[in-house]
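One structure below.
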Amino acid sequence: MNDCFRDEMIRACESHGLTGAGNLKPLDAIPTCEGSKLCLGLECLERDLWEFEPVLPLIAASGVRQVRLQSGWQKTETSEGVYDFRWLDRIVDCLLAVKIRPFLCLCYGNRLYCEQPEKCPALQNGGVGHFPVVSERERRAWQDYVSATVAHFRGRIDQYEIWNEPDVSVFCRVDMPWQDAYMELVRLTAPVIRGMDPGAKIITCTAQFGAVDGLLEKGLGEYTDVHSFHGYTFYPEISTGESKRNRISHLRNRAPNLRFWRGEAGCPSYNDPKSHGALSNIRASEIKQAKFLLRHLLCDLENEDIELTSYFHAYDFMHFSGQCRYHYGLIRHEGLSRKPSFACFQVLNHLFDQKVAPVYDRKLSFAQKQTEDLDHSLLLSLHFSSFQKNGSIFFAYYLPLPIEDDLCLHTVRLTLPYLGEQLRDPIILDPYTGTLYRVSDPCEFEAPLTDYPVFILDRHMIEDMADIRDSRPKISRKSDVGQMNHE
């Protein structure tokens, strides 16, 4: 955790008169449940750009229960027709042993089946971008590889993604429109997966959400169960919300059974001058990365049309050229230490374990009288979210301002909606600092307001993950509950 920012935030809350109610416990050893839609990216292992074994204990400690892997055809088949899965077996078995479920992206090309490999620079980077649809020999070899992979991992992996970001030129180096090349690959791949494991889920992929339109026109919906889209924007609110839900509804008119995942999105904590990856043009920092993670994942969690959201990446991996390191990870390369984003991700994995559903008809509301320090125009942009978990409602809210390193703190007076006895002892949780604050009166209470999500939830929802000092007296009579504002 970035102690300076954390301590500054806690001191600022105290100076605003907010009353502490406790702190989160260390979460490493507290188990999470299956059913969460949160996922973590473990990409680039097939190109040996980072080491898996030293990082595994931290991946397990994060509480995540799903991860994304890439299969690495060129790493697996170094002699024609001979598949050596030992490197991937080790990773998959270690993940399953700590109750983490992997899904596998089938990729990339293989120099063995390229007629002129010396003219294909992508083959020096694990075959990235080298589409196996150019010759009949490549096409057959790809199908054989897919068949062998699915057969080998049947019973351990049951979700297979076809390629990575074919709509990005670096991942699709072929002399034809990328849509045609990708549809050819899907037609080659999907029947093989179905034949080897009829119960497996097939996932297609594009970097841009809008790119799926043209693929559906070409018949993509006949082959896939899920479409995974990626998205790297520093303002996560732009690519989510009502507009995204409307867009997905439109696409489901063409493919009613199609489901949607966000297979990648992340933010670097540092940009090396030689970096040219996603968001390499921003002035990055570890504080900004943590705030981005909380905002981005919350936006996806509140969208019921996105069934899974995978954060990129677990670790600061090396660029394939060896000239720089990419710092998208939650875990630093130096000393395998945790960034602030790791702790924030850990909190989300515990809050959103099991199945958590967004709720659209229960919202926090403003109290009539607001605090003197608050610019009331900010209330117009306040971002509210509501969720239901095991029959209990909880809330999140924040200011969707430009993400900066600087402390952004106001206080706002809020009113909890009428919830029967679901919120008997509400508590405020700051996921960045791990600090809890008291709700003095559900009818009108003062709460911290900042540029990343803060949660309001009932004490019983976090008692196993927090040391809570006595809060206000618990509501025990329905007549007391009835005094809460009914929105």
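The way I read the labels, and the way they are meant: chains A, B, ... in the order of the structure tokens, residue 1 as the first residue of every chain, and ligand 1 as the first ligand shown, with later ones counted on from there.
The protein and nucleic acid residues lying at most 8 Å from range 9-20 of chain A are A:Phe5, A:Arg6, A:Asp7, A:Gly22, A:Leu407, A:Leu409, A:Thr411, A:Thr433, A:Thr435, A:Leu436, A:Tyr437, A:Arg438, A:Glu446, A:Ala447, A:Pro448, with only C-alpha atoms considered and sequence neighbours fewer than 2 positions away removed.
Residues in contact with Leu401 in chain A at 10 Å, where only C-alpha atoms are counted and same-chain residues fewer than 5 positions away are skipped, are listed as Tyr235, Leu378, Ser381, Leu382, Cys408, Thr450, Asp451 and Tyr452 of chain A.
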Written selection (C-alpha atoms) as an mmCIF file, in the first residue's frame:
data_model
loop_
_atom_site.group_PDB
_atom_site.id
_atom_site.type_symbol
_atom_site.label_atom_id
_atom_site.label_comp_id
_atom_site.auth_asym_id
_atom_site.auth_seq_id
_atom_site.Cartn_x
_atom_site.Cartn_y
_atom_site.Cartn_z
ATOM 1 C CA TYR A 235 -11.935 7.102 -18.042
ATOM 2 C CA LEU A 378 -20.406 18.141 -7.810
ATOM 3 C CA SER A 381 -22.063 14.108 -11.396
ATOM 4 C CA LEU A 382 -22.015 11.771 -8.396
ATOM 5 C CA CYS A 408 -9.588 14.508 -3.491
ATOM 6 C CA THR A 450 -13.668 11.090 -3.223
ATOM 7 C CA ASP A 451 -12.666 10.166 -6.782
ATOM 8 C CA TYR A 452 -12.800 6.398 -6.233
#
Would you mind listing what lies within 9 Å of Val192 in chain A as a ChimeraX atom specification, with only C-alpha atoms counted and same-chain residues fewer than 4 positions away left out? /A:143-144,146-147,150,188,196-197
Among A:Leu336, A:Leu45, A:Leu348, A:Leu298, Tyr398 in chain A is approached most closely, using only C-alpha atoms, by A:Leu298
What's the 9 Å shell around Phe445 in chain A, counting only C-alpha atoms, without same-chain residues fewer than 3 positions away, as a PDB file with N, CA and C atoms, in the first residue's frame?
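Writing the result to result-v4.pdb gives the following:
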ATOM      1  N   ALA A 367     -29.170  13.883   1.386  1.00  0.00           N
ATOM      2  CA  ALA A 367     -29.916  14.553   2.440  1.00  0.00           C
ATOM      3  C   ALA A 367     -30.192  15.990   2.004  1.00  0.00           C
ATOM      4  N   VAL A 412     -20.115  14.358   2.126  1.00  0.00           N
ATOM      5  CA  VAL A 412     -21.454  14.514   1.582  1.00  0.00           C
ATOM      6  C   VAL A 412     -22.443  13.939   2.585  1.00  0.00           C
ATOM      7  N   ARG A 413     -23.614  14.539   2.682  1.00  0.00           N
ATOM      8  CA  ARG A 413     -24.660  13.998   3.547  1.00  0.00           C
ATOM      9  C   ARG A 413     -25.604  13.158   2.702  1.00  0.00           C
ATOM     10  N   LEU A 414     -25.817  11.917   3.142  1.00  0.00           N
ATOM     11  CA  LEU A 414     -26.607  10.951   2.384  1.00  0.00           C
ATOM     12  C   LEU A 414     -27.741  10.411   3.231  1.00  0.00           C
ATOM     13  N   THR A 415     -28.705   9.809   2.533  1.00  0.00           N
ATOM     14  CA  THR A 415     -29.842   9.147   3.163  1.00  0.00           C
ATOM     15  C   THR A 415     -29.959   7.745   2.603  1.00  0.00           C
ATOM     16  N   LEU A 416     -30.073   6.759   3.463  1.00  0.00           N
ATOM     17  CA  LEU A 416     -30.261   5.391   3.010  1.00  0.00           C
ATOM     18  C   LEU A 416     -31.717   5.169   2.644  1.00  0.00           C
ATOM     19  N   ARG A 438     -18.312   5.191  10.735  1.00  0.00           N
ATOM     20  CA  ARG A 438     -19.647   4.951  11.251  1.00  0.00           C
ATOM     21  C   ARG A 438     -20.703   5.722  10.470  1.00  0.00           C
ATOM     22  N   VAL A 439     -21.879   5.123  10.393  1.00  0.00           N
ATOM     23  CA  VAL A 439     -23.082   5.812   9.915  1.00  0.00           C
ATOM     24  C   VAL A 439     -23.855   6.215  11.152  1.00  0.00           C
ATOM     25  N   SER A 440     -23.907   7.502  11.413  1.00  0.00           N
ATOM     26  CA  SER A 440     -24.500   7.979  12.661  1.00  0.00           C
ATOM     27  C   SER A 440     -26.017   7.793  12.692  1.00  0.00           C
ATOM     28  N   ASP A 441     -26.668   8.048  11.557  1.00  0.00           N
ATOM     29  CA  ASP A 441     -28.130   7.966  11.484  1.00  0.00           C
ATOM     30  C   ASP A 441     -28.510   7.690  10.036  1.00  0.00           C
ATOM     31  N   PRO A 442     -29.144   6.558   9.728  1.00  0.00           N
ATOM     32  CA  PRO A 442     -29.485   6.242   8.331  1.00  0.00           C
ATOM     33  C   PRO A 442     -30.328   7.302   7.645  1.00  0.00           C
TER      34      PRO A 442
END
Shell around range 202-209 of chain A at 8 Å using only C-alpha atoms, local window under 3 positions removed, as a VMD selection string: chain A and resid 159 to 168 186 190 193 212 223 to 231 263
Skipping near chain neighbours, those fewer than 2 positions away, what residues fall within 9 Å of Leu215 in chain A using only C-alpha atoms, listed as a ChimeraX atom specification? /A:179-180,182-183,211-213,217-221
Serialized selection, C-alpha atoms, as a short mmCIF file (atom, residue, chain, number, x, y, z; two decimals), in the first residue's frame:
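Saved the output as result-v8.cif:
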data_model
loop_
_atom_site.label_atom_id
_atom_site.label_comp_id
_atom_site.auth_asym_id
_atom_site.auth_seq_id
_atom_site.Cartn_x
_atom_site.Cartn_y
_atom_site.Cartn_z
CA GLN A 179 -12.77 -9.90 -40.29
CA ASP A 180 -12.38 -12.48 -43.05
CA TYR A 182 -10.80 -14.19 -38.08
CA MET A 183 -14.03 -15.74 -39.30
CA ALA A 211 -15.90 -4.71 -33.90
CA VAL A 212 -18.32 -7.54 -33.12
CA ASP A 213 -20.98 -5.95 -35.38
CA GLU A 217 -23.07 -10.09 -39.95
CA LYS A 218 -20.66 -12.77 -41.14
CA GLY A 219 -22.25 -15.43 -38.93
CA LEU A 220 -20.16 -15.31 -35.74
CA GLY A 221 -23.21 -16.06 -33.59
#
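Going from CA of Tyr311 in chain A to CA of Leu293 in chain A covers 8.0 Å.
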How far is it from CA of Ile462 in chain A to CA of Gln422 in chain A, in Å with one decimal? 13.8 Å
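The protein and nucleic acid residues lying at most 9 Å from Ser36 in chain A are Thr32, Cys33, Glu34, Leu38, Cys39, Val64, Arg65, Gln66, Leu308, Asn349, Phe352, Asp353, Gln354, Lys355 and Val356 of chain A, with only C-alpha atoms considered and sequence neighbours fewer than 2 positions away removed.
The smallest atom-to-atom distance between Leu69 in chain A and any of A:Arg86, A:Arg111, A:Arg101, A:His327, using only C-alpha atoms, is found for A:Arg101.
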I'd like to know which residues of range 190-289 of chain A are strand (DSSP E) (by DSSP, run on the backbone); could you write them as a PDB file with N, CA and C atoms, in the first residue's frame?
ATOM      1  N   LYS A 201     -17.184 -24.183 -23.243  1.00  0.00           N
ATOM      2  CA  LYS A 201     -17.677 -22.875 -23.663  1.00  0.00           C
ATOM      3  C   LYS A 201     -16.692 -22.287 -24.659  1.00  0.00           C
ATOM      4  N   ILE A 202     -17.205 -21.766 -25.777  1.00  0.00           N
ATOM      5  CA  ILE A 202     -16.377 -21.165 -26.821  1.00  0.00           C
ATOM      6  C   ILE A 202     -16.501 -19.650 -26.728  1.00  0.00           C
ATOM      7  N   ILE A 203     -15.364 -18.992 -26.740  1.00  0.00           N
ATOM      8  CA  ILE A 203     -15.292 -17.541 -26.576  1.00  0.00           C
ATOM      9  C   ILE A 203     -14.599 -16.950 -27.787  1.00  0.00           C
ATOM     10  N   THR A 204     -15.199 -15.949 -28.401  1.00  0.00           N
ATOM     11  CA  THR A 204     -14.513 -15.191 -29.444  1.00  0.00           C
ATOM     12  C   THR A 204     -14.057 -13.863 -28.858  1.00  0.00           C
ATOM     13  N   CYS A 205     -13.210 -13.151 -29.606  1.00  0.00           N
ATOM     14  CA  CYS A 205     -12.530 -12.018 -28.995  1.00  0.00           C
ATOM     15  C   CYS A 205     -12.268 -10.907 -30.007  1.00  0.00           C
ATOM     16  N   THR A 206     -12.459  -9.681 -29.573  1.00  0.00           N
ATOM     17  CA  THR A 206     -11.952  -8.512 -30.305  1.00  0.00           C
ATOM     18  C   THR A 206     -11.477  -7.499 -29.279  1.00  0.00           C
ATOM     19  N   VAL A 226     -19.791 -16.927 -26.127  1.00  0.00           N
ATOM     20  CA  VAL A 226     -19.449 -15.670 -25.462  1.00  0.00           C
ATOM     21  C   VAL A 226     -18.590 -14.845 -26.399  1.00  0.00           C
ATOM     22  N   HIS A 227     -18.821 -13.539 -26.406  1.00  0.00           N
ATOM     23  CA  HIS A 227     -17.874 -12.660 -27.086  1.00  0.00           C
ATOM     24  C   HIS A 227     -17.166 -11.811 -26.046  1.00  0.00           C
ATOM     25  N   SER A 228     -15.845 -11.866 -26.084  1.00  0.00           N
ATOM     26  CA  SER A 228     -15.017 -11.119 -25.157  1.00  0.00           C
ATOM     27  C   SER A 228     -14.454  -9.889 -25.854  1.00  0.00           C
ATOM     28  N   PHE A 229     -14.668  -8.724 -25.259  1.00  0.00           N
ATOM     29  CA  PHE A 229     -14.099  -7.499 -25.808  1.00  0.00           C
ATOM     30  C   PHE A 229     -13.134  -6.913 -24.779  1.00  0.00           C
ATOM     31  N   HIS A 230     -12.151  -6.188 -25.271  1.00  0.00           N
ATOM     32  CA  HIS A 230     -11.178  -5.543 -24.396  1.00  0.00           C
ATOM     33  C   HIS A 230     -11.463  -4.049 -24.382  1.00  0.00           C
ATOM     34  N   ARG A 259     -23.457 -14.086 -24.995  1.00  0.00           N
ATOM     35  CA  ARG A 259     -23.117 -13.414 -23.753  1.00  0.00           C
ATOM     36  C   ARG A 259     -21.825 -12.623 -23.952  1.00  0.00           C
ATOM     37  N   PHE A 260     -21.536 -11.730 -23.001  1.00  0.00           N
ATOM     38  CA  PHE A 260     -20.417 -10.816 -23.189  1.00  0.00           C
ATOM     39  C   PHE A 260     -19.505 -10.796 -21.962  1.00  0.00           C
ATOM     40  N   TRP A 261     -18.203 -10.811 -22.236  1.00  0.00           N
ATOM     41  CA  TRP A 261     -17.162 -10.662 -21.224  1.00  0.00           C
ATOM     42  C   TRP A 261     -16.287  -9.469 -21.589  1.00  0.00           C
ATOM     43  N   ARG A 262     -15.705  -8.838 -20.565  1.00  0.00           N
ATOM     44  CA  ARG A 262     -14.586  -7.938 -20.825  1.00  0.00           C
ATOM     45  C   ARG A 262     -13.317  -8.741 -20.498  1.00  0.00           C
ATOM     46  N   GLY A 263     -12.619  -9.147 -21.532  1.00  0.00           N
ATOM     47  CA  GLY A 263     -11.493 -10.064 -21.360  1.00  0.00           C
ATOM     48  C   GLY A 263     -10.196  -9.397 -20.972  1.00  0.00           C
ATOM     49  N   GLU A 264     -10.084  -8.097 -21.140  1.00  0.00           N
ATOM     50  CA  GLU A 264      -8.890  -7.356 -20.736  1.00  0.00           C
ATOM     51  C   GLU A 264      -9.260  -5.898 -20.513  1.00  0.00           C
TER      52      GLU A 264
END
Among range 53-176 of chain A, which ones does DSSP assign to helix (DSSP H, G or I) (computed from the backbone)? Answer as a PDB file with N, CA and C atoms, in the first residue's frame.
ATOM      1  N   LEU A  56       2.632 -17.034  -7.809  1.00  0.00           N
ATOM      2  CA  LEU A  56       1.411 -17.780  -7.495  1.00  0.00           C
ATOM      3  C   LEU A  56       0.881 -17.525  -6.085  1.00  0.00           C
ATOM      4  N   PRO A  57       1.715 -17.505  -5.036  1.00  0.00           N
ATOM      5  CA  PRO A  57       1.147 -17.251  -3.705  1.00  0.00           C
ATOM      6  C   PRO A  57       0.409 -15.918  -3.612  1.00  0.00           C
ATOM      7  N   LEU A  58       0.902 -14.905  -4.308  1.00  0.00           N
ATOM      8  CA  LEU A  58       0.223 -13.612  -4.277  1.00  0.00           C
ATOM      9  C   LEU A  58      -1.061 -13.632  -5.099  1.00  0.00           C
ATOM     10  N   ILE A  59      -1.046 -14.353  -6.224  1.00  0.00           N
ATOM     11  CA  ILE A  59      -2.272 -14.501  -7.009  1.00  0.00           C
ATOM     12  C   ILE A  59      -3.349 -15.157  -6.153  1.00  0.00           C
ATOM     13  N   ALA A  60      -2.968 -16.211  -5.427  1.00  0.00           N
ATOM     14  CA  ALA A  60      -3.922 -16.890  -4.550  1.00  0.00           C
ATOM     15  C   ALA A  60      -4.390 -15.966  -3.430  1.00  0.00           C
ATOM     16  N   ALA A  61      -3.468 -15.157  -2.885  1.00  0.00           N
ATOM     17  CA  ALA A  61      -3.819 -14.250  -1.790  1.00  0.00           C
ATOM     18  C   ALA A  61      -4.774 -13.152  -2.221  1.00  0.00           C
ATOM     19  N   TRP A  73       0.995 -21.930 -28.962  1.00  0.00           N
ATOM     20  CA  TRP A  73       1.203 -23.044 -29.890  1.00  0.00           C
ATOM     21  C   TRP A  73       2.698 -23.246 -30.168  1.00  0.00           C
ATOM     22  N   GLN A  74       3.406 -22.182 -30.440  1.00  0.00           N
ATOM     23  CA  GLN A  74       4.824 -22.306 -30.820  1.00  0.00           C
ATOM     24  C   GLN A  74       5.677 -22.838 -29.668  1.00  0.00           C
ATOM     25  N   LYS A  75       5.293 -22.546 -28.435  1.00  0.00           N
ATOM     26  CA  LYS A  75       6.024 -23.056 -27.273  1.00  0.00           C
ATOM     27  C   LYS A  75       5.712 -24.528 -27.031  1.00  0.00           C
ATOM     28  N   THR A  76       4.508 -24.949 -27.430  1.00  0.00           N
ATOM     29  CA  THR A  76       4.041 -26.304 -27.132  1.00  0.00           C
ATOM     30  C   THR A  76       4.450 -27.317 -28.195  1.00  0.00           C
ATOM     31  N   ARG A  86       3.883 -29.807 -20.837  1.00  0.00           N
ATOM     32  CA  ARG A  86       4.331 -29.826 -19.446  1.00  0.00           C
ATOM     33  C   ARG A  86       4.402 -28.432 -18.831  1.00  0.00           C
ATOM     34  N   TRP A  87       4.832 -27.454 -19.608  1.00  0.00           N
ATOM     35  CA  TRP A  87       4.931 -26.096 -19.060  1.00  0.00           C
ATOM     36  C   TRP A  87       3.563 -25.551 -18.660  1.00  0.00           C
ATOM     37  N   LEU A  88       2.540 -25.863 -19.486  1.00  0.00           N
ATOM     38  CA  LEU A  88       1.194 -25.375 -19.201  1.00  0.00           C
ATOM     39  C   LEU A  88       0.495 -26.239 -18.164  1.00  0.00           C
ATOM     40  N   ASP A  89       0.794 -27.542 -18.165  1.00  0.00           N
ATOM     41  CA  ASP A  89       0.256 -28.427 -17.128  1.00  0.00           C
ATOM     42  C   ASP A  89       0.613 -27.913 -15.734  1.00  0.00           C
ATOM     43  N   ARG A  90       1.863 -27.528 -15.581  1.00  0.00           N
ATOM     44  CA  ARG A  90       2.338 -27.069 -14.282  1.00  0.00           C
ATOM     45  C   ARG A  90       1.540 -25.851 -13.810  1.00  0.00           C
ATOM     46  N   ILE A  91       1.301 -24.918 -14.714  1.00  0.00           N
ATOM     47  CA  ILE A  91       0.547 -23.706 -14.375  1.00  0.00           C
ATOM     48  C   ILE A  91      -0.899 -24.037 -14.043  1.00  0.00           C
ATOM     49  N   VAL A  92      -1.543 -24.808 -14.914  1.00  0.00           N
ATOM     50  CA  VAL A  92      -2.961 -25.142 -14.723  1.00  0.00           C
ATOM     51  C   VAL A  92      -3.164 -25.913 -13.432  1.00  0.00           C
ATOM     52  N   ASP A  93      -2.319 -26.903 -13.175  1.00  0.00           N
ATOM     53  CA  ASP A  93      -2.487 -27.725 -11.975  1.00  0.00           C
ATOM     54  C   ASP A  93      -2.241 -26.917 -10.700  1.00  0.00           C
ATOM     55  N   CYS A  94      -1.266 -26.021 -10.739  1.00  0.00           N
ATOM     56  CA  CYS A  94      -1.017 -25.166  -9.568  1.00  0.00           C
ATOM     57  C   CYS A  94      -2.212 -24.256  -9.295  1.00  0.00           C
ATOM     58  N   LEU A  95      -2.818 -23.710 -10.346  1.00  0.00           N
ATOM     59  CA  LEU A  95      -3.989 -22.858 -10.175  1.00  0.00           C
ATOM     60  C   LEU A  95      -5.166 -23.645  -9.612  1.00  0.00           C
ATOM     61  N   LEU A  96      -5.426 -24.807 -10.171  1.00  0.00           N
ATOM     62  CA  LEU A  96      -6.544 -25.613  -9.693  1.00  0.00           C
ATOM     63  C   LEU A  96      -6.340 -26.044  -8.243  1.00  0.00           C
ATOM     64  N   ALA A  97      -5.089 -26.253  -7.862  1.00  0.00           N
ATOM     65  CA  ALA A  97      -4.791 -26.676  -6.493  1.00  0.00           C
ATOM     66  C   ALA A  97      -5.159 -25.597  -5.473  1.00  0.00           C
ATOM     67  N   ARG A 111       6.152 -21.309 -36.213  1.00  0.00           N
ATOM     68  CA  ARG A 111       7.142 -21.237 -37.286  1.00  0.00           C
ATOM     69  C   ARG A 111       7.265 -22.539 -38.079  1.00  0.00           C
ATOM     70  N   LEU A 112       6.891 -23.664 -37.457  1.00  0.00           N
ATOM     71  CA  LEU A 112       7.023 -24.956 -38.134  1.00  0.00           C
ATOM     72  C   LEU A 112       6.194 -25.016 -39.406  1.00  0.00           C
ATOM     73  N   TYR A 113       5.120 -24.233 -39.456  1.00  0.00           N
ATOM     74  CA  TYR A 113       4.195 -24.356 -40.572  1.00  0.00           C
ATOM     75  C   TYR A 113       4.158 -23.106 -41.441  1.00  0.00           C
ATOM     76  N   PRO A 117       9.562 -18.490 -42.722  1.00  0.00           N
ATOM     77  CA  PRO A 117       9.571 -17.933 -41.370  1.00  0.00           C
ATOM     78  C   PRO A 117      10.529 -16.756 -41.202  1.00  0.00           C
ATOM     79  N   GLU A 118      11.595 -16.725 -42.018  1.00  0.00           N
ATOM     80  CA  GLU A 118      12.546 -15.624 -41.900  1.00  0.00           C
ATOM     81  C   GLU A 118      11.933 -14.292 -42.302  1.00  0.00           C
ATOM     82  N   LYS A 119      10.824 -14.324 -43.034  1.00  0.00           N
ATOM     83  CA  LYS A 119      10.154 -13.096 -43.449  1.00  0.00           C
ATOM     84  C   LYS A 119       8.978 -12.728 -42.532  1.00  0.00           C
ATOM     85  N   PRO A 121       8.516 -11.539 -38.915  1.00  0.00           N
ATOM     86  CA  PRO A 121       9.087 -11.116 -37.628  1.00  0.00           C
ATOM     87  C   PRO A 121       8.232 -11.492 -36.428  1.00  0.00           C
ATOM     88  N   ALA A 122       6.926 -11.659 -36.624  1.00  0.00           N
ATOM     89  CA  ALA A 122       6.060 -12.022 -35.498  1.00  0.00           C
ATOM     90  C   ALA A 122       6.450 -13.362 -34.893  1.00  0.00           C
ATOM     91  N   LEU A 123       7.074 -14.226 -35.700  1.00  0.00           N
ATOM     92  CA  LEU A 123       7.455 -15.538 -35.192  1.00  0.00           C
ATOM     93  C   LEU A 123       8.573 -15.455 -34.166  1.00  0.00           C
ATOM     94  N   GLN A 124       9.273 -14.312 -34.115  1.00  0.00           N
ATOM     95  CA  GLN A 124      10.285 -14.123 -33.085  1.00  0.00           C
ATOM     96  C   GLN A 124       9.652 -13.748 -31.746  1.00  0.00           C
ATOM     97  N   ASN A 125       8.388 -13.444 -31.744  1.00  0.00           N
ATOM     98  CA  ASN A 125       7.656 -13.059 -30.528  1.00  0.00           C
ATOM     99  C   ASN A 125       6.574 -14.083 -30.240  1.00  0.00           C
ATOM    100  N   GLU A 136      -3.076 -24.491 -46.572  1.00  0.00           N
ATOM    101  CA  GLU A 136      -3.822 -25.647 -46.093  1.00  0.00           C
ATOM    102  C   GLU A 136      -3.029 -26.407 -45.032  1.00  0.00           C
ATOM    103  N   ARG A 137      -1.729 -26.424 -45.169  1.00  0.00           N
ATOM    104  CA  ARG A 137      -0.880 -27.100 -44.190  1.00  0.00           C
ATOM    105  C   ARG A 137      -0.991 -26.427 -42.820  1.00  0.00           C
ATOM    106  N   GLU A 138      -0.957 -25.115 -42.810  1.00  0.00           N
ATOM    107  CA  GLU A 138      -1.118 -24.383 -41.550  1.00  0.00           C
ATOM    108  C   GLU A 138      -2.488 -24.624 -40.945  1.00  0.00           C
ATOM    109  N   ARG A 139      -3.487 -24.613 -41.759  1.00  0.00           N
ATOM    110  CA  ARG A 139      -4.853 -24.776 -41.267  1.00  0.00           C
ATOM    111  C   ARG A 139      -5.040 -26.139 -40.612  1.00  0.00           C
ATOM    112  N   ARG A 140      -4.539 -27.178 -41.258  1.00  0.00           N
ATOM    113  CA  ARG A 140      -4.651 -28.523 -40.673  1.00  0.00           C
ATOM    114  C   ARG A 140      -3.845 -28.633 -39.379  1.00  0.00           C
ATOM    115  N   ALA A 141      -2.658 -28.037 -39.387  1.00  0.00           N
ATOM    116  CA  ALA A 141      -1.803 -28.108 -38.199  1.00  0.00           C
ATOM    117  C   ALA A 141      -2.449 -27.376 -37.019  1.00  0.00           C
ATOM    118  N   TRP A 142      -3.077 -26.247 -37.310  1.00  0.00           N
ATOM    119  CA  TRP A 142      -3.770 -25.510 -36.256  1.00  0.00           C
ATOM    120  C   TRP A 142      -4.909 -26.349 -35.672  1.00  0.00           C
ATOM    121  N   GLN A 143      -5.701 -26.965 -36.519  1.00  0.00           N
ATOM    122  CA  GLN A 143      -6.802 -27.791 -36.030  1.00  0.00           C
ATOM    123  C   GLN A 143      -6.287 -28.967 -35.210  1.00  0.00           C
ATOM    124  N   ASP A 144      -5.182 -29.556 -35.644  1.00  0.00           N
ATOM    125  CA  ASP A 144      -4.593 -30.657 -34.872  1.00  0.00           C
ATOM    126  C   ASP A 144      -4.138 -30.175 -33.503  1.00  0.00           C
ATOM    127  N   TYR A 145      -3.561 -28.991 -33.479  1.00  0.00           N
ATOM    128  CA  TYR A 145      -3.109 -28.434 -32.200  1.00  0.00           C
ATOM    129  C   TYR A 145      -4.293 -28.152 -31.278  1.00  0.00           C
ATOM    130  N   VAL A 146      -5.337 -27.558 -31.797  1.00  0.00           N
ATOM    131  CA  VAL A 146      -6.528 -27.277 -30.990  1.00  0.00           C
ATOM    132  C   VAL A 146      -7.114 -28.582 -30.455  1.00  0.00           C
ATOM    133  N   SER A 147      -7.207 -29.579 -31.316  1.00  0.00           N
ATOM    134  CA  SER A 147      -7.756 -30.868 -30.904  1.00  0.00           C
ATOM    135  C   SER A 147      -6.925 -31.479 -29.776  1.00  0.00           C
ATOM    136  N   ALA A 148      -5.611 -31.436 -29.926  1.00  0.00           N
ATOM    137  CA  ALA A 148      -4.734 -32.003 -28.904  1.00  0.00           C
ATOM    138  C   ALA A 148      -4.842 -31.227 -27.592  1.00  0.00           C
ATOM    139  N   THR A 149      -4.958 -29.910 -27.676  1.00  0.00           N
ATOM    140  CA  THR A 149      -5.035 -29.080 -26.475  1.00  0.00           C
ATOM    141  C   THR A 149      -6.319 -29.358 -25.701  1.00  0.00           C
ATOM    142  N   VAL A 150      -7.443 -29.364 -26.402  1.00  0.00           N
ATOM    143  CA  VAL A 150      -8.723 -29.570 -25.725  1.00  0.00           C
ATOM    144  C   VAL A 150      -8.798 -30.982 -25.142  1.00  0.00           C
ATOM    145  N   ALA A 151      -8.301 -31.963 -25.882  1.00  0.00           N
ATOM    146  CA  ALA A 151      -8.291 -33.334 -25.366  1.00  0.00           C
ATOM    147  C   ALA A 151      -7.420 -33.439 -24.121  1.00  0.00           C
ATOM    148  N   HIS A 152      -6.269 -32.770 -24.145  1.00  0.00           N
ATOM    149  CA  HIS A 152      -5.324 -32.861 -23.030  1.00  0.00           C
ATOM    150  C   HIS A 152      -5.882 -32.229 -21.760  1.00  0.00           C
ATOM    151  N   PHE A 153      -6.598 -31.119 -21.891  1.00  0.00           N
ATOM    152  CA  PHE A 153      -7.064 -30.389 -20.714  1.00  0.00           C
ATOM    153  C   PHE A 153      -8.523 -30.645 -20.379  1.00  0.00           C
ATOM    154  N   SER A 169      -3.726  -4.824 -35.575  1.00  0.00           N
ATOM    155  CA  SER A 169      -2.836  -5.304 -36.639  1.00  0.00           C
ATOM    156  C   SER A 169      -1.676  -6.147 -36.120  1.00  0.00           C
ATOM    157  N   VAL A 170      -1.138  -5.820 -34.949  1.00  0.00           N
ATOM    158  CA  VAL A 170       0.000  -6.581 -34.442  1.00  0.00           C
ATOM    159  C   VAL A 170      -0.378  -8.027 -34.133  1.00  0.00           C
ATOM    160  N   PHE A 171      -1.670  -8.286 -33.901  1.00  0.00           N
ATOM    161  CA  PHE A 171      -2.125  -9.640 -33.603  1.00  0.00           C
ATOM    162  C   PHE A 171      -2.775 -10.321 -34.808  1.00  0.00           C
TER     163      PHE A 171
END
